[in-house]
Amino acid sequence: MGRFYITTPIYYPNADPHMGHAYTTVFADSMARYHRLLGDETFFLTGTDEHGLKLQRAAEKAGMDPKSFVDRMAEKFKRYWAMLDISYDRFIRTTDPDHEEVVKRAATEMYRRGYIYKGRYAGWYCVSCEKFYSEGEYVVVEGRPYCPIHMKPLEWVEEDTYYFRMSEFQDYVLHVLEEEGRVYPEQYAREVASKIRREGLRDVSIARPRERVSWGVVAPFDQDYTIYVWFDALLNYLTGASYQSDPDRFQRLWPSAHHVIGKDILWFHTAVWFSMLRALDLDPPKKVIVHAFLINRGLKMGKSAGNVVTIEYLLQRYHGSDGARYILMRIFNPAKDVEFTQDMLDSIYNSELADTYGNLARRVGVLAQKKLQGHVHGGRLDPSLEQSIERAINQYIKHMDEYRIQEALHSVMNLLREANAYINKTRPWEKEDPTRELYSLLETLRSATIMLSPVIPRAAHRLATAIGTKIESLEDAQPRPDRVYTVREAPILFRKIGRG
Ligand SMILES: [Zn+2]
């Protein structure tokens, strides 16, 4: 049995999650469900990043204390994930006591080893990013430095701080990036490596004076300081795997860690995170899976760009979680930004879910009931369909194992298109005993349904029940001659959507 530990970024709960958050989270969820189907010991972690100045200010603005504010937001995130059928095993919050304990222990350990030292910091700072910007990184508007992401003026901040001695790890991080294949797609590893080769890996500030930022974990080496929010947040991946609290579990899970992230947080999840782990004598995660952005009306989707597509909208337009999940995974692209339009999403939903999968399920169900009273006994499958099923499974597994979910879905859709063509060609409604045709079709439908189940769990379950089977393992997707189907209904799984 394999093991699979997968994480999403912990989200900043200063606003409701939107389509961009769903893009990342549904992908991680689909991967987790796929590994459960393989029988792997699977652990899926998501959560919220609840500390820092930005939240402290958001809470003030809402007239709340920070803890009540993040309590409310964490509940909201959980409600959205429930609506999208996100099957996380733990929802971690950086205010959880076991996480704060991990942050303190990790910081103490690094301090003890000489990787944390006191210094002074001065620079241009964006409160929204909670990040200092150096010259060349910020943009200049009317002679003033502005945040390139938020297009707001930066604040000049000068203060005593503590540094993490990241420069120590430059050779190590370059080695991991260039030799170990831990970043997918590889282009992102090359991008970070060339930035390090150009600029070097510099020490980073990991603490802020408590008088400036009070909302966070107190630095264990100096009570007047708060641990910087990024340092705190990254460590959640260790907390989720029971770092230090359950060494056996940690030994089991950590070597299979997969972090799913957007490319905007690539630097932190490679250069910074690999260095921090090394400072703790820990291996880097097995894989950092990076995806590019969703582009709507020419801009990266985000609150500040004002082009957010809400999760409510997706659920309503695509008739519930399965439709929304499917279109997100069908356009999922790690390497390139995806510019989507409503027409494009509608047409994916209509042509693939409604006309191809839904239509096949409906036709086979109706025919099985009409011609065979719902009882379809096994026998030899049509060899052409049997081969197509086997080929589709092989392609599907290969793509899923390589995180290429869009391609995996294409393989299943091709199989389903073939099955629709097979009905048209063999015309089982004209046959006196179409057992062989319908059995071959039910085997195809069953196999495709198992493969689609990580992405559309509800519809898959509904179809499986309708034809009298269960979705238990990927193993069951293989065609066999000796099954018996009891078709109870011919469900309409996906209603088509009209224009407008
Ligand atoms: Zn900013």
# chains A, B, ... in the order shown; residues from 1 in each chain; ligands from 1

call {"tool": "closest_atom_pairs", "arguments": {"of": "chain A", "to": "ligand 1", "cutoff": "10 Å", "atoms": "only C-alpha atoms and all ligand atoms", "output": "tab-separated table"}}
result
residue	atom	partner	partner_atom_place_in_ligand_line	distance
A:Tyr125	CA	ligand 1	1 (Zn)	8.2
A:Cys126	CA	ligand 1	1 (Zn)	4.8
A:Val127	CA	ligand 1	1 (Zn)	6.5
A:Ser128	CA	ligand 1	1 (Zn)	4.7
A:Cys129	CA	ligand 1	1 (Zn)	4.1
A:Glu130	CA	ligand 1	1 (Zn)	7.2
A:Lys131	CA	ligand 1	1 (Zn)	7.3
A:Phe132	CA	ligand 1	1 (Zn)	9.1
A:Tyr133	CA	ligand 1	1 (Zn)	9.0
A:Tyr138	CA	ligand 1	1 (Zn)	9.3
A:Tyr146	CA	ligand 1	1 (Zn)	8.2
A:Cys147	CA	ligand 1	1 (Zn)	4.7
A:Pro148	CA	ligand 1	1 (Zn)	6.6
A:Ile149	CA	ligand 1	1 (Zn)	5.0
A:His150	CA	ligand 1	1 (Zn)	4.4
A:Met151	CA	ligand 1	1 (Zn)	7.0
A:Lys152	CA	ligand 1	1 (Zn)	7.0
A:Pro153	CA	ligand 1	1 (Zn)	8.8
A:Leu154	CA	ligand 1	1 (Zn)	8.0
A:Ser304	CA	ligand 1	1 (Zn)	9.9

call {"tool": "residues_around", "arguments": {"residues": "Leu294 (chain A)", "least_positions_apart": "5", "cutoff": "7 Å", "atoms": "only C-alpha atoms", "output": "NGL selection string"}}
result
:A and (20 or 300-301 or 337-339)

call {"tool": "write_last_selection", "arguments": {"atoms": "C-alpha atoms", "output": "PDB file, in the first residue's frame"}}
result
ATOM      1  CA  GLY A  20      -9.351  30.667  -7.827  1.00  0.00           C
ATOM      2  CA  LYS A 300      -5.398  37.181 -12.847  1.00  0.00           C
ATOM      3  CA  MET A 301      -8.541  36.482 -10.881  1.00  0.00           C
ATOM      4  CA  ASP A 337      -2.356  30.628 -17.511  1.00  0.00           C
ATOM      5  CA  VAL A 338      -5.876  29.749 -18.571  1.00  0.00           C
ATOM      6  CA  GLU A 339      -8.029  32.465 -20.040  1.00  0.00           C
TER       7      GLU A 339
END

call {"tool": "residues_around", "arguments": {"residues": "Leu385 (chain A)", "least_positions_apart": "5", "cutoff": "9 Å", "atoms": "only C-alpha atoms", "output": "list of chain:residue names"}}
result
A:Glu390, A:Leu415, A:Glu418, A:Ala419, A:Tyr422, A:Ser440, A:Leu441, A:Thr444

call {"tool": "write_last_selection", "arguments": {"atoms": "all heavy atoms", "output": "short mmCIF file (atom, residue, chain, number, x, y, z; two decimals), in the first residue's frame"}}
result
data_model
loop_
_atom_site.label_atom_id
_atom_site.label_comp_id
_atom_site.auth_asym_id
_atom_site.auth_seq_id
_atom_site.Cartn_x
_atom_site.Cartn_y
_atom_site.Cartn_z
N GLU A 390 -9.46 -0.94 -21.47
CA GLU A 390 -8.12 -1.19 -20.91
C GLU A 390 -7.15 -0.06 -21.26
O GLU A 390 -6.37 0.39 -20.42
CB GLU A 390 -7.59 -2.53 -21.40
CG GLU A 390 -8.19 -3.67 -20.60
CD GLU A 390 -8.04 -5.03 -21.26
OE1 GLU A 390 -7.51 -5.10 -22.39
OE2 GLU A 390 -8.48 -6.02 -20.63
N LEU A 415 -13.17 7.46 -24.25
CA LEU A 415 -13.79 6.14 -24.07
C LEU A 415 -15.31 6.25 -24.16
O LEU A 415 -15.98 5.44 -24.81
CB LEU A 415 -13.36 5.55 -22.72
CG LEU A 415 -14.04 4.24 -22.32
CD1 LEU A 415 -13.66 3.11 -23.28
CD2 LEU A 415 -13.67 3.86 -20.88
N GLU A 418 -16.55 6.80 -27.62
CA GLU A 418 -16.52 5.54 -28.35
C GLU A 418 -17.73 4.69 -28.03
O GLU A 418 -18.32 4.05 -28.90
CB GLU A 418 -15.24 4.79 -27.96
CG GLU A 418 -14.41 4.40 -29.15
CD GLU A 418 -13.15 3.69 -28.70
OE1 GLU A 418 -12.25 4.39 -28.19
OE2 GLU A 418 -13.09 2.46 -28.83
N ALA A 419 -18.11 4.67 -26.76
CA ALA A 419 -19.27 3.89 -26.35
C ALA A 419 -20.56 4.44 -26.96
O ALA A 419 -21.44 3.67 -27.38
CB ALA A 419 -19.37 3.86 -24.82
N TYR A 422 -20.62 3.30 -30.41
CA TYR A 422 -20.90 1.86 -30.43
C TYR A 422 -22.41 1.59 -30.37
O TYR A 422 -22.92 0.71 -31.06
CB TYR A 422 -20.16 1.20 -29.26
CG TYR A 422 -20.44 -0.27 -29.07
CD1 TYR A 422 -19.72 -1.23 -29.79
CD2 TYR A 422 -21.38 -0.71 -28.15
CE1 TYR A 422 -19.95 -2.58 -29.61
CE2 TYR A 422 -21.62 -2.06 -27.95
CZ TYR A 422 -20.91 -3.00 -28.68
OH TYR A 422 -21.14 -4.33 -28.50
N SER A 440 -21.45 -5.00 -22.55
CA SER A 440 -20.22 -4.28 -22.92
C SER A 440 -20.35 -2.79 -22.57
O SER A 440 -19.40 -2.17 -22.08
CB SER A 440 -19.96 -4.41 -24.42
OG SER A 440 -19.87 -5.76 -24.79
N LEU A 441 -21.51 -2.25 -22.81
CA LEU A 441 -21.73 -0.82 -22.52
C LEU A 441 -21.74 -0.55 -21.02
O LEU A 441 -21.19 0.46 -20.55
CB LEU A 441 -23.05 -0.35 -23.15
CG LEU A 441 -22.99 -0.19 -24.68
CD1 LEU A 441 -24.40 -0.16 -25.27
CD2 LEU A 441 -22.21 1.08 -25.05
N THR A 444 -18.29 -0.53 -19.74
CA THR A 444 -17.63 0.73 -20.11
C THR A 444 -18.07 1.86 -19.18
O THR A 444 -17.25 2.63 -18.67
CB THR A 444 -17.99 1.13 -21.56
OG1 THR A 444 -17.81 -0.01 -22.41
CG2 THR A 444 -17.12 2.27 -22.03
#

call {"tool": "residues_around", "arguments": {"residues": "region 486-490 of chain A", "least_positions_apart": "5", "cutoff": "9 Å", "atoms": "only C-alpha atoms", "output": "ChimeraX atom specification"}}
result
/A:361-369,373-377,463,465-469

call {"tool": "write_last_selection", "arguments": {"atoms": "N, CA and C atoms", "output": "short mmCIF file (atom, residue, chain, number, x, y, z; two decimals), in the first residue's frame"}}
result
data_model
loop_
_atom_site.label_atom_id
_atom_site.label_comp_id
_atom_site.auth_asym_id
_atom_site.auth_seq_id
_atom_site.Cartn_x
_atom_site.Cartn_y
_atom_site.Cartn_z
N ALA A 361 -25.22 7.27 -20.04
CA ALA A 361 -25.82 6.67 -18.84
C ALA A 361 -27.33 6.52 -19.04
N ARG A 362 -27.94 7.55 -19.56
CA ARG A 362 -29.38 7.55 -19.78
C ARG A 362 -29.79 6.48 -20.82
N ARG A 363 -29.10 6.48 -21.95
CA ARG A 363 -29.47 5.53 -23.02
C ARG A 363 -29.29 4.09 -22.58
N VAL A 364 -28.15 3.80 -21.95
CA VAL A 364 -27.89 2.42 -21.54
C VAL A 364 -28.91 2.00 -20.48
N GLY A 365 -29.22 2.90 -19.57
CA GLY A 365 -30.21 2.59 -18.52
C GLY A 365 -31.58 2.29 -19.11
N VAL A 366 -32.01 3.14 -20.03
CA VAL A 366 -33.34 2.96 -20.65
C VAL A 366 -33.38 1.63 -21.43
N LEU A 367 -32.33 1.38 -22.20
CA LEU A 367 -32.31 0.14 -23.00
C LEU A 367 -32.28 -1.10 -22.12
N ALA A 368 -31.50 -1.07 -21.06
CA ALA A 368 -31.40 -2.23 -20.16
C ALA A 368 -32.76 -2.53 -19.53
N GLN A 369 -33.48 -1.49 -19.20
CA GLN A 369 -34.79 -1.70 -18.57
C GLN A 369 -35.83 -2.17 -19.59
N GLN A 373 -35.44 -5.92 -18.84
CA GLN A 373 -36.05 -5.69 -17.52
C GLN A 373 -34.99 -5.34 -16.45
N GLY A 374 -33.91 -4.74 -16.91
CA GLY A 374 -32.89 -4.30 -15.97
C GLY A 374 -31.87 -5.36 -15.58
N HIS A 375 -32.06 -6.60 -16.00
CA HIS A 375 -31.11 -7.66 -15.62
C HIS A 375 -30.16 -7.94 -16.78
N VAL A 376 -28.90 -7.62 -16.56
CA VAL A 376 -27.93 -7.83 -17.63
C VAL A 376 -26.81 -8.73 -17.12
N HIS A 377 -26.78 -9.93 -17.69
CA HIS A 377 -25.79 -10.90 -17.23
C HIS A 377 -24.50 -10.80 -18.02
N LEU A 463 -24.82 7.14 -10.32
CA LEU A 463 -24.85 6.21 -11.45
C LEU A 463 -24.55 4.78 -10.98
N THR A 465 -25.09 3.44 -8.13
CA THR A 465 -26.28 2.92 -7.45
C THR A 465 -27.36 2.53 -8.47
N ALA A 466 -27.51 3.37 -9.50
CA ALA A 466 -28.54 3.10 -10.50
C ALA A 466 -28.31 1.79 -11.24
N ILE A 467 -27.04 1.43 -11.45
CA ILE A 467 -26.77 0.18 -12.17
C ILE A 467 -26.40 -0.95 -11.21
N GLY A 468 -26.58 -0.70 -9.92
CA GLY A 468 -26.42 -1.77 -8.94
C GLY A 468 -24.98 -2.14 -8.62
N THR A 469 -24.07 -1.15 -8.66
CA THR A 469 -22.69 -1.45 -8.26
C THR A 469 -22.23 -0.41 -7.24
#

call {"tool": "residues_around", "arguments": {"residues": "Thr426 (chain A)", "least_positions_apart": "6", "cutoff": "12 Å", "atoms": "only C-alpha atoms", "output": "PyMOL selection string"}}
result
chain A and resi 382+419-420+434-438+440-441

call {"tool": "write_last_selection", "arguments": {"atoms": "N, CA, C and O atoms", "output": "PDB file, in the first residue's frame"}}
result
ATOM      1  N   ASP A 382     -17.593  -7.168 -26.051  1.00  0.00           N
ATOM      2  CA  ASP A 382     -17.158  -6.840 -27.397  1.00  0.00           C
ATOM      3  C   ASP A 382     -15.673  -6.486 -27.335  1.00  0.00           C
ATOM      4  O   ASP A 382     -15.273  -5.611 -26.576  1.00  0.00           O
ATOM      5  N   ALA A 419     -18.113   4.675 -26.759  1.00  0.00           N
ATOM      6  CA  ALA A 419     -19.274   3.886 -26.345  1.00  0.00           C
ATOM      7  C   ALA A 419     -20.561   4.438 -26.961  1.00  0.00           C
ATOM      8  O   ALA A 419     -21.439   3.670 -27.376  1.00  0.00           O
ATOM      9  N   ASN A 420     -20.679   5.759 -27.050  1.00  0.00           N
ATOM     10  CA  ASN A 420     -21.850   6.351 -27.702  1.00  0.00           C
ATOM     11  C   ASN A 420     -21.894   5.950 -29.187  1.00  0.00           C
ATOM     12  O   ASN A 420     -22.963   5.632 -29.721  1.00  0.00           O
ATOM     13  N   PRO A 434     -30.147  -8.048 -26.778  1.00  0.00           N
ATOM     14  CA  PRO A 434     -28.927  -7.232 -26.866  1.00  0.00           C
ATOM     15  C   PRO A 434     -28.032  -7.378 -25.639  1.00  0.00           C
ATOM     16  O   PRO A 434     -27.320  -6.430 -25.271  1.00  0.00           O
ATOM     17  N   THR A 435     -28.035  -8.553 -24.993  1.00  0.00           N
ATOM     18  CA  THR A 435     -27.253  -8.725 -23.763  1.00  0.00           C
ATOM     19  C   THR A 435     -25.781  -8.369 -23.957  1.00  0.00           C
ATOM     20  O   THR A 435     -25.192  -7.639 -23.154  1.00  0.00           O
ATOM     21  N   ARG A 436     -25.212  -8.906 -25.040  1.00  0.00           N
ATOM     22  CA  ARG A 436     -23.785  -8.676 -25.215  1.00  0.00           C
ATOM     23  C   ARG A 436     -23.461  -7.185 -25.374  1.00  0.00           C
ATOM     24  O   ARG A 436     -22.521  -6.664 -24.763  1.00  0.00           O
ATOM     25  N   GLU A 437     -24.264  -6.498 -26.169  1.00  0.00           N
ATOM     26  CA  GLU A 437     -24.023  -5.067 -26.387  1.00  0.00           C
ATOM     27  C   GLU A 437     -24.207  -4.294 -25.068  1.00  0.00           C
ATOM     28  O   GLU A 437     -23.371  -3.468 -24.701  1.00  0.00           O
ATOM     29  N   LEU A 438     -25.304  -4.584 -24.386  1.00  0.00           N
ATOM     30  CA  LEU A 438     -25.566  -3.814 -23.166  1.00  0.00           C
ATOM     31  C   LEU A 438     -24.573  -4.156 -22.060  1.00  0.00           C
ATOM     32  O   LEU A 438     -24.178  -3.286 -21.278  1.00  0.00           O
ATOM     33  N   SER A 440     -21.453  -4.998 -22.547  1.00  0.00           N
ATOM     34  CA  SER A 440     -20.223  -4.278 -22.918  1.00  0.00           C
ATOM     35  C   SER A 440     -20.346  -2.792 -22.570  1.00  0.00           C
ATOM     36  O   SER A 440     -19.399  -2.168 -22.083  1.00  0.00           O
ATOM     37  N   LEU A 441     -21.513  -2.247 -22.809  1.00  0.00           N
ATOM     38  CA  LEU A 441     -21.729  -0.822 -22.520  1.00  0.00           C
ATOM     39  C   LEU A 441     -21.745  -0.550 -21.016  1.00  0.00           C
ATOM     40  O   LEU A 441     -21.195   0.458 -20.552  1.00  0.00           O
TER      41      LEU A 441
END

call {"tool": "atom_distance", "arguments": {"atom1": "CA of Val288 (chain A)", "atom2": "CA of Trp267 (chain A)"}}
result
11.2 Å
